[in-house]
file protein-v5.txt (compact mmCIF, C-alpha atoms)
# COMPACT_ATOMS: atom_id res chain seq x y z
CA MET P 85 0.00 0.00 0.00
CA SER P 86 1.04 3.62 -0.24
CA LEU P 87 2.96 5.36 2.54
CA ALA P 88 -0.05 7.48 3.49
CA ALA P 89 -2.35 4.46 3.52
CA ALA P 90 0.04 2.44 5.69
CA LEU P 91 0.19 5.21 8.27
CA GLN P 92 -3.57 5.64 8.21
CA ALA P 93 -4.09 1.89 8.75
CA ALA P 94 -1.57 1.61 11.61
CA PRO P 95 -0.65 5.02 13.02
CA PRO P 96 2.59 5.35 14.98
CA PRO P 97 2.39 5.56 18.78
CA THR P 98 2.75 9.02 20.29
CA GLY P 99 4.85 10.19 23.18
CA SER P 100 6.74 13.15 24.56
CA ARG P 101 10.16 11.85 23.47
CA VAL P 102 10.10 10.05 20.12
CA ARG P 103 13.25 8.62 18.54
CA ILE P 104 13.28 7.21 14.98
CA ALA P 105 16.01 4.84 13.82
CA VAL P 106 16.64 5.42 10.10
CA PRO P 107 18.99 3.55 7.72
CA ASP P 108 22.20 4.94 6.29
CA GLY P 109 22.90 5.45 2.60
CA THR P 110 23.60 1.77 1.88
CA ARG P 111 19.84 1.09 1.89
CA PRO P 112 17.62 2.14 -1.06
CA LEU P 113 15.07 4.09 0.96
CA ASP P 114 13.93 7.69 0.62
CA VAL P 115 14.36 8.54 4.28
CA GLY P 116 13.38 12.16 3.77
CA GLU P 117 10.04 11.15 2.25
CA ALA P 118 9.27 8.76 5.10
CA LEU P 119 10.17 11.27 7.81
CA ALA P 120 8.05 13.95 6.14
CA ALA P 121 5.10 11.54 6.09
CA LEU P 122 5.58 10.78 9.78
CA ARG P 123 5.76 14.44 10.78
CA PRO P 124 1.99 15.09 11.10
CA TRP P 125 1.59 12.02 13.31
CA LEU P 126 4.26 12.86 15.85
CA THR P 127 4.40 15.54 18.54
CA GLY P 128 6.78 16.48 21.32
CA ASP P 129 10.54 16.04 21.18
CA VAL P 130 11.12 14.03 17.99
CA ARG P 131 14.57 13.12 16.72
CA ALA P 132 15.82 10.86 13.93
CA ILE P 133 19.01 8.85 14.38
CA VAL P 134 20.97 7.32 11.51
CA GLY P 135 21.60 3.69 12.39
CA LEU P 136 25.17 3.02 11.32
CA GLY P 137 25.94 -0.25 13.06
CA LEU P 138 29.70 -0.20 12.49
CA HIS P 139 29.55 1.51 9.08
CA ARG P 140 31.27 4.87 8.65
CA ARG P 141 29.46 8.08 9.58
CA MET P 142 27.58 9.72 6.75
CA ARG P 143 29.02 12.94 5.38
CA ALA P 144 26.95 16.12 5.56
CA ASP P 145 26.16 15.98 1.84
CA GLU P 146 24.93 12.38 2.19
CA LEU P 147 22.46 12.98 5.00
CA PRO P 148 18.76 12.91 4.06
CA PRO P 149 16.50 15.92 4.54
CA SER P 150 14.63 15.68 7.82
CA PRO P 151 11.85 17.67 9.51
CA PHE P 152 13.38 16.57 12.83
CA PRO P 153 16.86 17.00 14.30
CA LEU P 154 19.03 14.34 12.68
CA LEU P 155 21.74 12.60 14.71
CA GLN P 156 24.15 9.77 13.90
CA HIS P 157 24.55 6.63 15.97
CA ASP P 158 27.72 6.10 18.00
CA PRO P 159 28.32 2.42 18.94
CA ASP P 160 30.67 3.51 21.73
CA ASP P 161 28.20 5.83 23.48
CA THR P 162 25.46 3.45 24.56
CA VAL P 163 23.48 2.24 27.55
CA PRO P 164 22.85 -1.44 28.40
CA THR P 165 19.44 -2.98 27.78
CA ALA P 166 19.31 -6.73 28.48
CA ILE P 167 21.36 -9.86 27.92
CA VAL P 168 19.79 -11.92 25.12
CA ASP P 169 21.07 -15.47 24.61
CA GLY P 170 24.44 -14.38 25.97
CA ILE P 171 24.53 -11.19 23.87
CA PRO P 172 24.95 -7.98 25.90
CA GLY P 173 22.28 -5.68 24.52
CA GLY P 174 23.07 -2.01 24.18
CA LEU P 175 21.35 1.03 22.70
CA THR P 176 22.80 4.34 21.55
CA ARG P 177 22.49 6.94 24.31
CA ALA P 178 20.77 9.28 21.86
CA ALA P 179 17.74 6.96 21.89
CA ALA P 180 17.88 5.73 25.47
CA ASP P 181 15.55 8.45 26.79
CA ALA P 182 12.76 7.65 24.32
CA ASP P 183 9.26 6.81 25.45
CA VAL P 184 8.52 5.90 21.82
CA LEU P 185 11.20 4.19 19.72
CA ILE P 186 10.42 3.67 16.03
CA GLY P 187 12.29 1.68 13.38
CA LEU P 188 12.29 2.78 9.74
CA GLY P 189 13.69 0.39 7.17
CA ILE P 190 13.58 -1.53 3.94
CA VAL P 191 12.82 -5.24 3.64
CA GLU P 192 15.08 -7.26 1.38
CA PRO P 193 16.87 -10.62 1.72
CA HIS P 194 19.58 -10.71 4.39
CA GLN P 195 22.37 -13.27 4.77
CA TYR P 196 21.81 -13.92 8.49
CA ALA P 197 18.58 -12.26 9.62
CA GLY P 198 16.56 -13.77 6.75
CA PHE P 199 15.31 -10.34 5.78
CA SER P 200 16.39 -6.85 6.74
CA GLY P 201 13.96 -4.54 8.48
CA GLY P 202 11.86 -4.86 11.61
CA HIS P 203 13.72 -4.78 14.92
CA LYS P 204 17.06 -4.78 13.07
CA ALA P 205 16.81 -1.00 12.57
CA VAL P 206 17.27 -0.60 16.32
CA SER P 207 19.07 -3.72 17.61
CA VAL P 208 21.80 -3.53 14.95
CA GLY P 209 21.50 -0.01 13.53
CA LEU P 210 21.57 1.63 16.97
CA GLY P 211 23.38 -1.16 18.82
CA ALA P 212 26.43 -1.08 21.07
CA ARG P 213 29.76 -2.29 19.76
CA ALA P 214 29.73 -5.21 22.20
CA THR P 215 26.22 -6.13 21.02
CA LEU P 216 27.27 -6.16 17.38
CA ASP P 217 30.46 -8.09 18.10
CA ALA P 218 28.63 -10.84 19.99
CA LEU P 219 25.67 -11.02 17.62
CA HIS P 220 27.92 -11.44 14.58
CA HIS P 221 30.22 -14.09 16.06
CA ARG P 222 31.07 -16.81 13.55
CA ASP P 223 29.16 -19.47 15.45
CA ARG P 224 25.98 -17.42 15.26
CA VAL P 225 26.11 -16.55 11.55
CA ILE P 226 26.73 -20.16 10.49
CA ALA P 227 24.38 -21.77 13.03
CA PRO P 228 21.68 -24.19 11.79
CA GLY P 229 18.59 -22.28 10.70
CA VAL P 230 20.45 -19.09 9.83
CA ARG P 231 19.53 -18.66 6.20
CA LEU P 232 18.94 -15.97 3.61
CA GLY P 233 15.20 -15.45 3.19
CA ARG P 234 14.20 -17.34 6.36
CA LEU P 235 12.44 -15.78 9.36
CA PRO P 236 10.81 -18.65 11.35
CA GLY P 237 13.30 -20.95 13.04
CA ASN P 238 16.20 -18.57 12.38
CA PRO P 239 18.15 -18.09 15.65
CA PHE P 240 19.94 -14.99 14.37
CA ARG P 241 16.62 -13.31 13.59
CA ALA P 242 15.27 -14.40 16.98
CA ALA P 243 18.19 -12.65 18.69
CA VAL P 244 17.75 -9.51 16.57
CA ASP P 245 14.07 -9.33 17.51
CA ALA P 246 14.66 -9.94 21.21
CA LEU P 247 17.37 -7.27 21.30
CA GLY P 248 15.04 -4.81 19.57
CA GLU P 249 12.28 -5.52 22.06
CA ALA P 250 14.72 -5.08 24.97
CA ALA P 251 15.68 -1.69 23.52
CA GLY P 252 12.01 -0.66 23.45
CA CYS P 253 11.16 -0.76 19.74
CA ARG P 254 7.40 -1.32 19.44
CA TRP P 255 6.49 0.05 15.98
CA VAL P 256 8.13 0.04 12.55
CA LEU P 257 7.56 1.53 9.12
CA LEU P 258 8.88 -0.72 6.35
CA LEU P 259 9.20 -0.55 2.56
CA ALA P 260 9.08 -3.87 0.68
CA GLY P 261 8.95 -4.10 -3.10
CA GLY P 262 7.53 -0.60 -3.43
CA ARG P 263 4.78 -1.22 -0.83
CA TRP P 264 4.67 0.20 2.70
CA PHE P 265 3.86 -1.70 5.90
CA ALA P 266 3.45 -0.32 9.41
CA GLY P 267 2.81 -1.72 12.87
CA GLU P 268 4.25 -4.10 15.48
CA PRO P 269 7.77 -5.10 14.35
CA ARG P 270 7.55 -8.90 14.13
CA ALA P 271 4.16 -9.14 12.46
CA THR P 272 4.86 -6.22 10.15
CA LEU P 273 8.16 -7.69 8.97
CA ALA P 274 6.54 -11.08 8.38
CA ALA P 275 3.81 -9.51 6.25
CA ALA P 276 6.29 -7.40 4.31
CA ALA P 277 8.63 -10.34 3.66
CA ALA P 278 5.72 -12.54 2.53
CA SER P 279 4.79 -9.93 -0.07
CA LEU P 280 8.15 -10.24 -1.83
CA ASP P 281 9.05 -12.57 -4.69
CA CYS P 282 12.76 -13.00 -4.02
CA TRP P 283 13.55 -16.12 -6.04
CA GLU P 284 13.88 -16.68 -9.77
CA ASP P 285 13.79 -20.35 -10.79
CA VAL P 286 16.47 -21.31 -13.32
CA PRO P 287 16.30 -24.65 -15.22
CA ARG P 288 20.03 -25.39 -15.43
CA ARG P 289 23.36 -24.72 -13.78
CA HIS P 290 25.92 -22.34 -15.26
CA PRO P 291 29.74 -22.25 -15.27
CA ALA P 292 29.79 -18.56 -14.33
CA ALA P 293 27.67 -15.65 -13.19
CA ILE P 294 27.85 -11.92 -13.79
CA LEU P 295 26.57 -10.08 -10.74
CA ARG P 296 25.46 -6.50 -11.26
CA VAL P 297 25.76 -4.48 -8.05
CA PRO P 298 23.51 -1.46 -7.47
CA ALA P 299 25.39 1.79 -6.90
CA ARG P 300 24.34 1.94 -3.23
CA LYS P 301 26.12 -1.39 -2.60
CA ALA P 302 29.01 -0.98 -5.07
CA VAL P 303 30.58 1.75 -2.91
CA ASN P 304 32.94 -0.77 -1.25
CA PHE P 305 33.76 -4.47 -1.34
CA TYR P 306 32.25 -5.15 2.08
CA GLN P 307 28.82 -4.17 0.79
CA ALA P 308 29.26 -5.43 -2.78
CA SER P 309 30.46 -8.87 -1.70
CA ARG P 310 26.99 -9.62 -0.36
CA ALA P 311 25.77 -10.11 -3.93
CA ALA P 312 28.24 -12.96 -4.38
CA THR P 313 27.53 -14.67 -1.07
CA TYR P 314 23.76 -14.20 -1.39
CA LEU P 315 23.89 -16.21 -4.61
CA GLY P 316 26.72 -18.63 -3.91
CA LEU P 317 25.66 -19.52 -0.35
CA SER P 318 21.94 -19.76 -1.08
CA GLU P 319 20.26 -23.16 -0.74
CA ALA P 320 20.26 -23.98 -4.47
CA PRO P 321 22.56 -21.74 -6.53
CA PRO P 322 22.25 -22.38 -10.30
CA LEU P 323 26.01 -22.84 -10.60
CA ASP P 324 28.43 -25.63 -11.44
CA GLU P 325 30.85 -26.53 -8.66
CA GLY P 326 33.90 -24.33 -9.09
CA ALA P 327 31.96 -21.74 -11.10
CA THR P 328 33.36 -18.22 -11.33
CA LEU P 329 31.37 -15.31 -9.96
CA PHE P 330 32.19 -12.03 -11.71
CA LEU P 331 31.16 -9.31 -9.26
CA ASP P 332 30.83 -6.06 -11.19
CA ALA P 333 31.37 -3.27 -8.64
CA ALA P 334 33.51 -0.13 -8.78
CA CYS P 335 34.28 -0.14 -5.01
CA PRO P 336 35.53 3.49 -4.91
CA GLU P 337 35.99 3.15 -1.13
CA GLY P 338 38.03 -0.03 -1.53
CA MET P 339 37.28 -2.59 1.17
CA GLY P 340 35.23 -0.03 3.10
CA GLU P 341 35.87 2.79 5.56
CA GLY P 342 33.79 1.94 8.64
CA ASP P 343 35.07 0.04 11.68
CA GLY P 344 33.31 -3.15 10.59
CA GLU P 345 34.69 -2.86 7.06
CA ARG P 346 38.23 -2.29 8.36
CA ALA P 347 37.98 -5.35 10.62
CA PHE P 348 36.78 -7.36 7.61
CA ALA P 349 39.73 -6.21 5.49
CA ALA P 350 42.27 -6.85 8.26
CA VAL P 351 41.12 -10.45 8.76
CA LEU P 352 41.33 -11.23 5.04
CA ALA P 353 44.71 -9.51 4.70
CA ARG P 354 46.17 -11.56 7.56
CA GLY P 355 45.21 -14.82 5.87
CA ARG P 356 45.51 -16.29 2.43
CA ALA P 357 42.83 -17.35 -0.04
CA PRO P 358 40.75 -19.46 0.41
CA TRP P 359 41.03 -18.53 4.12
CA ALA P 360 40.18 -22.03 5.40
CA GLY P 361 41.30 -21.05 8.89
CA LEU P 362 38.36 -18.66 9.20
CA LEU P 363 36.05 -21.67 9.00
CA ASP P 364 38.10 -24.35 10.76
CA GLY P 365 40.35 -22.41 13.13
CA PRO P 366 39.70 -19.95 15.95
CA ALA P 367 36.80 -17.61 15.25
CA PRO P 368 37.78 -14.09 14.20
CA VAL P 369 36.83 -11.42 16.71
CA GLY P 370 34.62 -8.39 16.14
CA ALA P 371 31.64 -7.33 14.07
CA GLY P 372 32.55 -7.06 10.41
CA THR P 373 34.70 -10.19 10.51
CA GLN P 374 31.60 -12.32 9.84
CA ARG P 375 31.70 -11.06 6.24
CA ALA P 376 35.19 -12.54 5.95
CA VAL P 377 33.75 -15.86 7.16
CA MET P 378 31.19 -15.66 4.36
CA ILE P 379 33.93 -14.97 1.81
CA ALA P 380 35.83 -18.03 3.07
CA ALA P 381 32.68 -20.18 2.81
CA LEU P 382 32.14 -18.94 -0.74
CA ALA P 383 35.78 -19.62 -1.67
CA ARG P 384 35.37 -23.29 -0.74
CA ARG P 385 33.02 -23.78 -3.67
CA PHE P 386 33.49 -20.97 -6.16
CA ARG P 387 35.99 -18.53 -7.61
CA LEU P 388 35.27 -14.83 -7.07
CA VAL P 389 36.57 -12.09 -9.38
CA VAL P 390 35.65 -8.46 -8.74
CA THR P 391 35.45 -6.51 -12.01
CA SER P 392 35.16 -2.87 -13.10
CA VAL P 393 37.02 -1.84 -9.93
CA THR P 394 38.17 1.77 -9.81
CA ASP P 395 41.38 0.82 -7.97
CA PRO P 396 41.94 -2.95 -7.65
CA GLY P 397 44.97 -2.47 -5.35
CA PRO P 398 43.23 -2.36 -1.94
CA LEU P 399 41.19 -5.47 -2.77
CA GLN P 400 44.21 -7.34 -4.12
CA ALA P 401 46.13 -6.50 -0.95
CA CYS P 402 43.50 -8.50 0.95
CA GLY P 403 43.78 -11.52 -1.35
CA ILE P 404 40.74 -10.71 -3.50
CA GLU P 405 41.00 -11.19 -7.27
CA ALA P 406 40.15 -7.75 -8.63
CA THR P 407 40.50 -6.01 -11.98
CA ALA P 408 39.43 -2.84 -13.74
CA THR P 409 38.24 -4.96 -16.67
CA ARG P 410 34.48 -5.28 -17.13
CA ALA P 411 32.74 -8.57 -16.34
CA GLU P 412 31.42 -8.85 -19.92
CA ASP P 413 34.99 -8.93 -21.23
CA LEU P 414 35.96 -11.84 -18.99
CA ALA P 415 32.90 -14.02 -18.49
CA PRO P 416 31.96 -16.89 -20.84
CA ALA P 417 28.98 -16.43 -23.14
CA ASP P 418 26.81 -18.81 -21.13
CA ALA P 419 27.27 -17.02 -17.81
CA ILE P 420 24.04 -16.28 -15.99
CA VAL P 421 23.48 -12.55 -15.52
CA VAL P 422 22.03 -11.46 -12.17
CA ALA P 423 20.60 -7.95 -12.33
CA ASP P 424 20.30 -7.40 -8.56
CA ALA P 425 21.09 -10.24 -6.15
CA PHE P 426 19.95 -8.05 -3.27
CA THR P 427 16.32 -8.26 -4.30
CA ARG P 428 15.90 -11.26 -6.65
CA ILE P 429 18.13 -14.32 -6.49
CA PRO P 430 18.33 -17.09 -9.13
CA ARG P 431 17.61 -20.58 -7.80
CA TYR P 432 18.30 -23.92 -9.50
CA ALA P 433 14.99 -25.64 -10.25
CA GLY P 434 16.10 -28.33 -12.68
CA PRO P 435 16.06 -32.11 -12.31
call {"tool": "encode", "arguments": {"input": "protein-v5.txt", "output": "structure tokens"}}
result
Amino acid sequence: MSLAAALQAAPPPTGSRVRIAVPDGTRPLDVGEALAALRPWLTGDVRAIVGLGLHRRMRADELPPSPFPLLQHDPDDTVPTAIVDGIPGGLTRAAADADVLIGLGIVEPHQYAGFSGGHKAVSVGLGARATLDALHHRDRVIAPGVRLGRLPGNPFRAAVDALGEAAGCRWVLLLAGGRWFAGEPRATLAAAAASLDCWEDVPRRHPAAILRVPARKAVNFYQASRAATYLGLSEAPPLDEGATLFLDAACPEGMGEGDGERAFAAVLARGRAPWAGLLDGPAPVGAGTQRAVMIAALARRFRLVVTSVTDPGPLQACGIEATATRAEDLAPADAIVVADAFTRIPRYAGP
């Protein structure tokens, strides 16, 4: 439904101190439009907070327009909430005084949480560093039931939701496939996710894939690499064993500039492809390193080549095959082309 209709059907709660968790620029959401639509419904002291997780802070020219004061999350300035399954919950101090805490987000497939959105806007976006480190431990992201596109029975999603509830998030506004959903976080996310058609059945396997990466995700390898692992680590990738994934992404920020991205790069740089030790040895420490675990899991089955890179050097220094050459100039003619693995993922449906 439209944004106005979603708000009319399930208006946001009101309070004297309202805090709204909003996504950063890596998510394809018009935050300014959503905040403007919320403005008539909210009174009192209302502030929006960019949920960064451990991504870098947004620059002034990247921040969305906002009818409310707009802050940015600091994972090192937080207050404790509750311990959830051994995870020390924490919430940015900027939101800790809220009597109404709202999550704004987009719903699309997510490697660990099943789908983005819902409580994740608060529990991860506005979480404490210790929360993010513990939540993204290797044993949690590879645990049974943790799967792209899965909500029920997913222990990672269960932890995300419990942490969001402990932080006080009780209402969300979500965009899924161009439609808006509003209401209680769990039920609203479930409805939004069910409305999506995320899988494209493919009748045969291919020796290679060309993965187009949207500009919002192509900014660095940390974000862009999700396209490769979303496809390669899905339940039924339409790929031959040993297939090559050509990840077409400029990566102007190299491996990434946030704390999580730097931790990711450091772990890969200390090892050597295919980084078997990340899967079989001691678990790497710190949020961001879980993406390195995913790269190692991918490398066990497939070859990854990042193409059209502005400066391949930083990626190569971390053991990633990278080139300025376009994917089309390297891939075989029968490679499967994936337009956007963040929203629609090919799935083998042959005999």
call {"tool": "closest_residue", "arguments": {"input": "protein-v5.txt", "among": "P:Tyr314, P:Phe386, P:Trp255, P:Phe265", "to": "Pro430 of chain P", "atoms": "only C-alpha atoms"}}
result
P:Tyr314
call {"tool": "residues_near_point", "arguments": {"input": "protein-v5.txt", "point": "(31.9, -6.8, 3.6)", "cutoff": "10 Å", "atoms": "all atoms listed in the file", "output": "PyMOL selection string"}}
result
chain P and resi 304-310+339-340+344-349+372-379
call {"tool": "write_last_selection", "arguments": {"input": "protein-v5.txt", "atoms": "C-alpha atoms", "output": "PDB file, keeping the file's coordinate frame"}}
result
ATOM      1  CA  ASN P 304      32.940  -0.770  -1.250  1.00  0.00           C
ATOM      2  CA  PHE P 305      33.760  -4.470  -1.340  1.00  0.00           C
ATOM      3  CA  TYR P 306      32.250  -5.150   2.080  1.00  0.00           C
ATOM      4  CA  GLN P 307      28.820  -4.170   0.790  1.00  0.00           C
ATOM      5  CA  ALA P 308      29.260  -5.430  -2.780  1.00  0.00           C
ATOM      6  CA  SER P 309      30.460  -8.870  -1.700  1.00  0.00           C
ATOM      7  CA  ARG P 310      26.990  -9.620  -0.360  1.00  0.00           C
ATOM      8  CA  MET P 339      37.280  -2.590   1.170  1.00  0.00           C
ATOM      9  CA  GLY P 340      35.230  -0.030   3.100  1.00  0.00           C
ATOM     10  CA  GLY P 344      33.310  -3.150  10.590  1.00  0.00           C
ATOM     11  CA  GLU P 345      34.690  -2.860   7.060  1.00  0.00           C
ATOM     12  CA  ARG P 346      38.230  -2.290   8.360  1.00  0.00           C
ATOM     13  CA  ALA P 347      37.980  -5.350  10.620  1.00  0.00           C
ATOM     14  CA  PHE P 348      36.780  -7.360   7.610  1.00  0.00           C
ATOM     15  CA  ALA P 349      39.730  -6.210   5.490  1.00  0.00           C
ATOM     16  CA  GLY P 372      32.550  -7.060  10.410  1.00  0.00           C
ATOM     17  CA  THR P 373      34.700 -10.190  10.510  1.00  0.00           C
ATOM     18  CA  GLN P 374      31.600 -12.320   9.840  1.00  0.00           C
ATOM     19  CA  ARG P 375      31.700 -11.060   6.240  1.00  0.00           C
ATOM     20  CA  ALA P 376      35.190 -12.540   5.950  1.00  0.00           C
ATOM     21  CA  VAL P 377      33.750 -15.860   7.160  1.00  0.00           C
ATOM     22  CA  MET P 378      31.190 -15.660   4.360  1.00  0.00           C
ATOM     23  CA  ILE P 379      33.930 -14.970   1.810  1.00  0.00           C
TER      24      ILE P 379
END
call {"tool": "closest_atom_pairs", "arguments": {"input": "protein-v5.txt", "of": "segment 167-249 of chain P", "to": "segment 354-363 of chain P", "cutoff": "12 Å", "atoms": "only C-alpha atoms", "output": "JSON lines"}}
result
{"residue": "P:His221", "atom": "CA", "partner": "P:Leu362", "partner_atom": "CA", "distance": 11.6}
{"residue": "P:Arg222", "atom": "CA", "partner": "P:Leu363", "partner_atom": "CA", "distance": 8.3}
{"residue": "P:Asp223", "atom": "CA", "partner": "P:Leu363", "partner_atom": "CA", "distance": 9.7}
{"residue": "P:Val225", "atom": "CA", "partner": "P:Leu363", "partner_atom": "CA", "distance": 11.5}
{"residue": "P:Ile226", "atom": "CA", "partner": "P:Leu363", "partner_atom": "CA", "distance": 9.6}
call {"tool": "residues_around", "arguments": {"input": "protein-v5.txt", "residues": "Asp285 of chain P", "least_positions_apart": "4", "cutoff": "8 Å", "atoms": "only C-alpha atoms", "output": "JSON, numbers by chain"}}
result
{"P": [430, 431, 432, 433]}
call {"tool": "closest_residue", "arguments": {"input": "protein-v5.txt", "among": "P:Ala277, P:Ala411, P:Cys335, P:Leu113", "to": "Val303 of chain P", "atoms": "all atoms listed in the file"}}
result
P:Cys335
call {"tool": "closest_residue", "arguments": {"input": "protein-v5.txt", "among": "P:Ala260, P:Ile186, P:Ala246, P:Leu122", "to": "Thr165 of chain P", "atoms": "only C-alpha atoms"}}
result
P:Ala246
call {"tool": "atom_distance", "arguments": {"input": "protein-v5.txt", "atom1": "atom CA of Leu280 of chain P", "atom2": "atom CA of Leu247 of chain P"}}
result
25.1 Å
call {"tool": "residues_near_point", "arguments": {"input": "protein-v5.txt", "point": "(34.8, -1.0, -6.7)", "cutoff": "12 Å", "atoms": "all atoms listed in the file", "output": "PyMOL selection string"}}
result
chain P and resi 296-309+331-340+389-400+404-410
call {"tool": "closest_residue", "arguments": {"input": "protein-v5.txt", "among": "P:Gly316, P:Gly202, P:Pro96, P:Gly342", "to": "Leu136 of chain P", "atoms": "all atoms listed in the file"}}
result
P:Gly342
call {"tool": "atom_distance", "arguments": {"input": "protein-v5.txt", "atom1": "atom CA of Asp217 of chain P", "atom2": "atom CA of Gln195 of chain P"}}
result
16.4 Å
call {"tool": "axis_aligned_box", "arguments": {"input": "protein-v5.txt", "around": "segment 292-304 of chain P", "padding_each_side": "8 Å", "output": "lines of an AutoDock Vina configuration file"}}
result
center_x = 28.2
center_y = -8.3
center_z = -7.8
size_x = 25.4
size_y = 36.5
size_z = 29.1
